[in-house]
Every structure is written in structure tokens, then in C-alpha cells.
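Source file: data.cif. Holds: mmCIF, C-alpha atoms.
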data_target
#
loop_
_atom_site.label_atom_id
_atom_site.label_comp_id
_atom_site.auth_asym_id
_atom_site.auth_seq_id
_atom_site.Cartn_x
_atom_site.Cartn_y
_atom_site.Cartn_z
CA MET A 775 166.08 142.85 74.68
CA THR A 776 165.37 145.73 72.31
CA ALA A 777 163.21 148.73 73.13
CA THR A 778 160.67 147.60 70.56
CA THR A 779 160.29 144.26 72.26
CA VAL A 780 159.69 145.92 75.61
CA GLU A 781 157.05 148.16 74.03
CA GLN A 782 155.37 145.17 72.42
CA GLU A 783 155.44 143.31 75.74
CA LEU A 784 153.80 146.26 77.48
CA HIS A 785 151.12 146.51 74.80
CA GLY A 786 150.51 142.81 75.42
CA ALA A 787 150.36 143.22 79.20
CA ASN A 788 147.89 146.07 78.78
CA GLU A 789 145.69 144.02 76.47
CA ARG A 790 145.72 141.10 78.91
CA PHE A 791 144.44 143.40 81.64
CA TYR A 792 141.45 144.49 79.56
CA GLN A 793 140.80 140.93 78.38
CA ALA A 794 140.78 139.91 82.05
CA VAL A 795 138.18 142.56 82.87
CA GLU A 796 136.10 141.56 79.86
CA SER A 797 136.30 137.92 80.91
CA LEU A 798 134.71 138.81 84.28
CA LYS A 799 136.86 135.97 85.66
CA LEU A 800 138.79 136.69 88.82
CA GLU A 801 141.45 134.09 88.03
CA GLN A 802 142.37 136.05 84.90
CA MET A 803 142.84 139.16 87.05
CA ASP A 804 144.95 137.10 89.45
CA ALA A 805 147.32 136.37 86.57
CA VAL A 806 147.63 140.04 85.59
CA TRP A 807 148.48 141.71 88.91
CA SER A 808 151.55 141.77 91.10
CA ARG A 809 151.10 140.49 94.64
CA ASP A 810 153.10 143.39 96.04
CA ALA A 811 151.47 144.94 99.09
CA ALA A 812 151.89 148.35 97.43
CA VAL A 813 149.68 147.65 94.41
CA ALA A 814 147.05 150.33 94.00
CA CYS A 815 143.90 150.81 91.99
CA ILE A 816 141.69 153.81 91.37
CA HIS A 817 138.43 152.99 89.66
CA PRO A 818 136.72 156.01 88.07
CA GLY A 819 135.25 158.15 90.85
CA TRP A 820 136.39 155.79 93.61
CA ARG A 821 138.91 156.39 96.34
CA MET A 822 142.28 154.72 95.95
CA LEU A 823 142.44 151.07 96.96
CA ARG A 824 145.83 149.89 98.23
CA GLY A 825 147.01 146.30 98.52
CA TRP A 826 146.16 143.30 96.40
CA ASP A 827 143.44 142.00 98.75
CA ARG A 828 141.40 145.19 98.44
CA VAL A 829 142.04 145.53 94.71
CA ARG A 830 141.00 141.94 94.11
CA ARG A 831 137.84 142.36 96.20
CA SER A 832 136.89 145.42 94.14
CA PHE A 833 137.10 143.44 90.90
CA GLU A 834 135.19 140.59 92.52
CA GLN A 835 132.35 142.98 93.32
CA ILE A 836 132.49 144.61 89.89
CA PHE A 837 132.42 141.21 88.16
CA GLN A 838 129.48 140.01 90.27
CA ASN A 839 127.41 143.02 89.28
CA MET A 840 128.43 143.33 85.64
CA PRO A 841 126.80 140.99 83.12
CA HIS A 842 128.80 142.40 80.20
CA ILE A 843 131.67 144.83 79.67
CA GLN A 844 133.69 145.54 76.56
CA PHE A 845 136.64 147.84 75.93
CA ILE A 846 137.78 149.57 72.79
CA ILE A 847 141.20 150.90 73.71
CA THR A 848 142.49 153.97 71.87
CA ASP A 849 145.18 156.67 72.24
CA VAL A 850 147.72 154.20 73.58
CA SER A 851 151.19 155.39 74.57
CA VAL A 852 153.90 153.31 76.20
CA GLY A 853 156.92 154.25 78.29
CA ALA A 854 159.53 152.17 80.03
CA ALA A 855 162.57 152.46 82.27
CA GLY A 856 164.26 149.22 83.16
CA ASP A 857 161.89 146.89 84.98
CA ALA A 858 159.03 149.40 85.04
CA GLY A 859 156.70 150.16 82.19
CA TRP A 860 153.58 152.27 81.85
CA VAL A 861 150.75 152.52 79.40
CA ASN A 862 148.37 155.42 79.02
CA CYS A 863 145.22 154.90 77.05
CA VAL A 864 141.61 155.82 76.64
CA GLU A 865 139.09 153.15 77.58
CA ASN A 866 135.97 153.36 75.44
CA ILE A 867 133.67 151.20 77.51
CA VAL A 868 130.42 149.50 76.65
CA THR A 869 128.51 147.97 79.55
CA VAL A 870 125.10 146.39 79.58
CA PRO A 871 123.97 146.79 83.18
CA GLY A 872 120.27 146.42 82.32
CA ASP A 873 118.37 146.25 79.06
CA ALA A 874 120.26 149.00 77.23
CA PRO A 875 123.99 149.42 76.62
CA GLN A 876 125.78 152.29 78.34
CA TYR A 877 128.86 154.04 77.04
CA ALA A 878 131.67 155.63 79.00
CA THR A 879 135.06 157.07 78.17
CA VAL A 880 137.85 156.97 80.70
CA HIS A 881 141.56 157.84 80.82
CA ALA A 882 143.78 155.14 82.27
CA THR A 883 147.33 154.98 83.56
CA ASN A 884 148.48 151.38 83.85
CA LEU A 885 151.80 150.71 85.49
CA PHE A 886 153.62 147.40 85.25
CA ARG A 887 156.73 145.97 86.86
CA ARG A 888 158.78 143.11 85.49
CA GLU A 889 158.74 140.27 88.02
CA ALA A 890 160.58 137.06 87.11
CA GLY A 891 160.43 138.01 83.45
CA GLU A 892 156.72 138.85 83.39
CA TRP A 893 155.09 142.30 83.35
CA LYS A 894 152.75 142.46 86.33
CA MET A 895 150.33 145.30 86.98
CA VAL A 896 151.15 147.35 90.07
CA LEU A 897 148.86 150.33 89.47
CA HIS A 898 145.64 151.04 87.61
CA HIS A 899 144.42 154.63 87.74
CA ALA A 900 141.27 155.33 85.75
CA SER A 901 139.33 158.57 85.67
CA GLY A 902 136.56 160.06 83.61
CA PHE A 903 136.77 163.42 81.99
CA ALA A 904 134.18 166.13 81.93
CA PRO A 905 131.80 165.98 78.96
CA GLY A 906 133.02 168.33 76.26
CA ALA A 907 136.55 168.42 77.70
CA MET B 510 171.97 153.07 96.73
CA THR B 511 169.63 151.56 99.30
CA ALA B 512 165.90 151.19 98.85
CA THR B 513 165.30 153.72 101.60
CA THR B 514 167.34 156.34 99.79
CA VAL B 515 165.37 155.83 96.59
CA GLU B 516 162.14 156.20 98.55
CA GLN B 517 163.38 159.38 100.16
CA GLU B 518 164.47 160.73 96.79
CA LEU B 519 161.03 160.04 95.36
CA HIS B 520 159.32 161.73 98.30
CA GLY B 521 161.57 164.70 97.59
CA ALA B 522 160.80 164.72 93.86
CA ASN B 523 157.10 164.60 94.66
CA GLU B 524 157.39 167.51 97.09
CA ARG B 525 159.31 169.56 94.53
CA PHE B 526 156.48 169.08 92.05
CA TYR B 527 153.90 170.46 94.48
CA GLN B 528 156.21 173.28 95.54
CA ALA B 529 156.59 174.15 91.85
CA VAL B 530 152.80 174.33 91.42
CA GLU B 531 152.46 176.41 94.60
CA SER B 532 155.19 178.76 93.36
CA LEU B 533 153.13 179.50 90.21
CA LYS B 534 156.51 179.87 88.48
CA LEU B 535 156.95 178.09 85.18
CA GLU B 536 160.72 177.84 85.57
CA GLN B 537 160.21 175.69 88.68
CA MET B 538 157.99 173.36 86.63
CA ASP B 539 160.69 173.30 83.94
CA ALA B 540 163.09 171.89 86.53
CA VAL B 541 160.69 169.16 87.63
CA TRP B 542 159.67 167.56 84.33
CA SER B 543 161.45 165.34 81.84
CA ARG B 544 161.72 166.69 78.32
CA ASP B 545 160.77 163.32 76.85
CA ALA B 546 158.23 163.63 74.05
CA ALA B 547 156.17 160.96 75.82
CA VAL B 548 155.52 162.92 79.03
CA ALA B 549 151.83 163.04 79.82
CA CYS B 550 149.59 164.96 82.16
CA ILE B 551 145.97 164.55 83.12
CA HIS B 552 144.58 167.44 85.13
CA PRO B 553 141.36 166.61 87.02
CA GLY B 554 138.52 166.40 84.52
CA TRP B 555 140.73 167.27 81.54
CA ARG B 556 141.69 165.12 78.61
CA MET B 557 145.21 163.72 78.58
CA LEU B 558 147.92 166.08 77.39
CA ARG B 559 150.91 164.43 75.72
CA GLY B 560 154.33 165.98 75.15
CA TRP B 561 156.21 168.53 77.20
CA ASP B 562 155.11 171.52 75.08
CA ARG B 563 151.43 170.88 75.74
CA VAL B 564 151.99 170.00 79.39
CA ARG B 565 154.01 173.17 79.94
CA ARG B 566 151.37 175.31 78.21
CA SER B 567 148.69 173.87 80.49
CA PHE B 568 150.63 174.90 83.59
CA GLU B 569 151.29 178.29 82.05
CA GLN B 570 147.55 178.82 81.66
CA ILE B 571 146.79 177.49 85.14
CA PHE B 572 149.43 179.73 86.70
CA GLN B 573 148.14 182.80 84.84
CA ASN B 574 144.64 182.26 86.18
CA MET B 575 145.47 181.13 89.71
CA PRO B 576 146.35 183.82 92.26
CA HIS B 577 146.94 181.25 95.03
CA ILE B 578 147.12 177.47 95.38
CA GLN B 579 148.26 175.36 98.30
CA PHE B 580 148.58 171.60 98.74
CA ILE B 581 148.39 169.47 101.81
CA ILE B 582 149.58 166.09 100.60
CA THR B 583 148.36 162.97 102.42
CA ASP B 584 148.14 159.19 101.91
CA VAL B 585 151.51 159.03 100.20
CA SER B 586 152.83 155.72 98.91
CA VAL B 587 156.00 155.17 96.93
CA GLY B 588 157.10 152.40 94.60
CA ALA B 589 160.20 151.96 92.50
CA ALA B 590 161.77 149.63 89.98
CA GLY B 591 165.21 150.58 88.75
CA ASP B 592 165.16 153.98 87.10
CA ALA B 593 161.41 154.41 87.44
CA GLY B 594 159.58 155.49 90.56
CA TRP B 595 155.99 156.37 91.31
CA VAL B 596 154.17 158.19 94.04
CA ASN B 597 150.48 157.97 94.81
CA CYS B 598 148.97 160.57 97.06
CA VAL B 599 145.92 162.60 97.88
CA GLU B 600 146.12 166.29 97.07
CA ASN B 601 144.11 168.36 99.53
CA ILE B 602 143.96 171.62 97.60
CA VAL B 603 143.14 175.13 98.71
CA THR B 604 142.70 177.67 95.95
CA VAL B 605 141.58 181.29 96.21
CA PRO B 606 140.18 182.01 92.76
CA GLY B 607 138.09 184.96 93.97
CA ASP B 608 137.25 186.32 97.39
CA ALA B 609 136.67 183.00 99.14
CA PRO B 610 138.91 179.94 99.38
CA GLN B 611 137.82 176.75 97.63
CA TYR B 612 138.70 173.23 98.69
CA ALA B 613 139.19 170.17 96.52
CA THR B 614 140.48 166.67 97.08
CA VAL B 615 142.16 164.79 94.28
CA HIS B 616 143.98 161.47 93.81
CA ALA B 617 147.29 161.71 92.03
CA THR B 618 149.64 159.25 90.38
CA ASN B 619 153.04 160.83 89.80
CA LEU B 620 155.58 158.90 87.79
CA PHE B 621 159.27 159.77 87.70
CA ARG B 622 162.21 158.49 85.71
CA ARG B 623 165.83 158.84 86.74
CA GLU B 624 167.66 160.88 84.10
CA ALA B 625 171.35 161.65 84.65
CA GLY B 626 170.90 160.93 88.37
CA GLU B 627 167.82 163.12 88.83
CA TRP B 628 164.22 162.02 89.21
CA LYS B 629 162.22 163.77 86.50
CA MET B 630 158.44 163.68 86.24
CA VAL B 631 157.16 161.84 83.18
CA LEU B 632 153.50 161.50 84.13
CA HIS B 633 151.02 163.32 86.34
CA HIS B 634 147.54 161.83 86.50
CA ALA B 635 145.14 163.60 88.84
CA SER B 636 141.46 162.85 89.25
CA GLY B 637 138.72 163.79 91.66
CA PHE B 638 136.54 161.30 93.39
CA ALA B 639 132.81 161.40 93.82
CA PRO B 640 131.64 163.14 97.03
CA GLY B 641 130.99 160.54 99.68
CA ALA B 642 133.11 157.92 97.92
#

C-alpha cells encoding of this file:
Amino acid sequence: MTATTVEQELHGANERFYQAVESLKLEQMDAVWSRDAAVACIHPGWRMLRGWDRVRRSFEQIFQNMPHIQFIITDVSVGAAGDAGWVNCVENIVTVPGDAPQYATVHATNLFRREAGEWKMVLHHASGFAPGA
Amino acid sequence: MTATTVEQELHGANERFYQAVESLKLEQMDAVWSRDAAVACIHPGWRMLRGWDRVRRSFEQIFQNMPHIQFIITDVSVGAAGDAGWVNCVENIVTVPGDAPQYATVHATNLFRREAGEWKMVLHHASGFAPGA
């Protein structure tokens, strides 16, 4: 497998994660994440959630309270070492929590591990940056 | 190499990073980080910095303006896959920018890659969480 292929695979895994969030369907998230007990997720401004059960519950709650969310992903970089791969990107987020759309911009570190040939998410760390930064 | 050894090595690499920050000595940071062009660093509230030159310059500026910084690291978890390893932790930070100490609490994702037998940092992503979260 060439380095380019691994990079393309990681771009694909990253896109599937954001498509899963946009879908607001928990079963799409189920397909994205590893079941490892050590998976971790930091939503912007939240404390770290550890373990798939907690991570899944957080997305369940987010999906229940989110009628619409859309991502425009920019500033993507990809790294890999063996069966681990990571993607850094900027999430330009549009949500429509009420009548009017809201915009947010967030930095994300997404870490994947290859499990039985498939890149599974083991870590999602998202954080906002100060306005003007 | 057993899994336990890799975990211990990653704990050690993580500690060396925080010791390097506490030392306020750039040459200690030089020893911690990979020279890969793809290294990335997100300081709390900052935009992402990509590339060793920029990352190094950020620590240079921080060190010049920081008379004292101390970390108490808690909530450490470690994962690994081959030549990549990652540490998640909470940084309980004491700084003394002026006359009085200041306290901050930050989540960190620290990613390392094994290069010539040594774990080198390739990514540091730190972010605060909302008070009360």
C-alpha cells in the first residue's frame, strides 16, 4: 500500500465522520468509531469523554437536539505511522438551532486506527479559537 | 517490545514534553519534537500552527514572556498503534505572569511517532473547557 493510498484512505475516513454527524444518524456514527474502551472525544468546550458508551451517548444527545448541521472542512492535513493515522482540519460549521443559522469555526484533531483493514476513529478533539486569533 | 513497555515509553515522552515547557528552555523542546514538516500545535485559544519552524517560534515567544510555569498532569490515558502513540491528559497549570499565580485547566491530546527508536512529538492540541463543564 503506497503512502498516497493511506492518505486518501484517511481523507475518506475523515469525510465519513463528518457525513455521519451531518446525517444525525447514530448508526452512521457506529460505523465510524472504534469500539476500543480507550476511545475519547472532546467536543468544543466540553470535558473529555472516554469510552465508546459515553462518546456514543454524547452524539445521541447532540443529534436529538440538532435539527440541522453542516460542515465545510478546510485546512486539512494528514499524517500516518503504520496502523495509526491522524487528520487535522478546520470545521466551518453551520447549524440551525432555531429560526436563524449560526456559524462556528473549530479546530479538530481526528485520530484513526486501522482495525481489520478499516480506519476507525479512536479520538476526536475539537476546540474553538478565540475570535480574532 | 511488550505493550506495557510502549505505554511506559509514551508516559515518559509525555512527561518530557511538560518538563521541557517547565524548563522554559528551547533546546529541551528541540529534543522533544519531530522535525517533520507536518508537525502541528494548537495552543489553547490559538489557531493551529503547522510546521516545526512555526511551532518552535511559538514556544520561543511563550518562554520569553513566561517567568514561571508548572504542570500537574492528571487523567492520563495512553493509546498506541505501531509507531504511533497518543496521550490524552488534563494539564492543571500554574503560571506566575505577574505578582500573583494564575491557574488554568486544559485538555491536551499529544501525539508521538517513533523515529529511530525515539518517541517524537508530532502534534500537541490543547484546549480549555468552559467553566462548570

_Close residues, Ile551 of chain B itself excluded, 12 Å, all atoms listed in the file, min 4 positions apart in chain, as a ChimeraX atom specification_ = /A:862-864,880-883,899-904,907 /B:555-560,563-564,567-568,615-619,631-637

_atom CA of Asp562 of chain B to atom CA of Met538 of chain B, straight-line distance in Å_ =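 Separation of atom CA of Met538 of chain B and atom CA of Asp562 of chain B: 12.0 Å.
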
*Please, what distance in Å, to one decimal, runs between atom CA of Ile581 of chain B and atom CA of Thr604 of chain B?*
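About the pair atom CA of Ile581 of chain B and atom CA of Thr604 of chain B: they are 11.6 Å apart.
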
*Near Lys894 of chain A, within 9 Å and counting all atoms listed in the file, which residues show up once chain neighbours fewer than 6 positions away are dropped, as a PyMOL selection string?*
chain A and resi 787+805-809+885-888

Now that the selection is made, can you save its residues with C-alpha atoms as an mmCIF file, in the coordinates of the input?
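Written output follows (again_15.cif):
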data_model
loop_
_atom_site.group_PDB
_atom_site.id
_atom_site.type_symbol
_atom_site.label_atom_id
_atom_site.label_comp_id
_atom_site.auth_asym_id
_atom_site.auth_seq_id
_atom_site.Cartn_x
_atom_site.Cartn_y
_atom_site.Cartn_z
ATOM 1 C CA ALA A 787 150.360 143.220 79.200
ATOM 2 C CA ALA A 805 147.320 136.370 86.570
ATOM 3 C CA VAL A 806 147.630 140.040 85.590
ATOM 4 C CA TRP A 807 148.480 141.710 88.910
ATOM 5 C CA SER A 808 151.550 141.770 91.100
ATOM 6 C CA ARG A 809 151.100 140.490 94.640
ATOM 7 C CA LEU A 885 151.800 150.710 85.490
ATOM 8 C CA PHE A 886 153.620 147.400 85.250
ATOM 9 C CA ARG A 887 156.730 145.970 86.860
ATOM 10 C CA ARG A 888 158.780 143.110 85.490
#

*Would you mind reading off the distance between atom CA of His520 of chain B and atom CA of Ala589 of chain B, one decimal, in Å?*
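Distance reported for this atom pair: 11.4 Å.
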
Draw an axis-aligned box tight on the listed atoms of segment 849-868 of chain A, then pad every side by 8 Å and write out centre and edge lengths in Å to one decimal as AutoDock Vina command-line options.
--center_x 147.3 --center_y 151.8 --center_z 78.6 --size_x 49.8 --size_y 25.8 --size_z 28.8

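Distance annotation: of A:Val813, A:Ile843, A:Ile867, A:Leu798, the residue with the minimal separation from chain B is A:Val813; atom set is only C-alpha atoms.
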
*In terms of the shortest atom-to-atom distance over all atoms listed in the file, which of B:Arg565, B:Lys534, B:His577, B:His552 is closest to chain A?*
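Of B:Arg565, B:Lys534, B:His577, B:His552, the one nearest chain A, counting all atoms listed in the file, is B:His552.
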
*Near Pro841 of chain A, within 12 Å and counting only C-alpha atoms, which residues show up once chain neighbours fewer than 6 positions away are dropped, as JSON, numbers by chain?*
{"A": [795, 796, 797, 798, 799, 835, 868, 869, 870, 871, 872, 873, 874, 875]}

*Looking at only C-alpha atoms, which of A:Val861, A:Ile847, A:Ala878, A:Ala794 is the one that sits closest to chain B?*
A:Val861
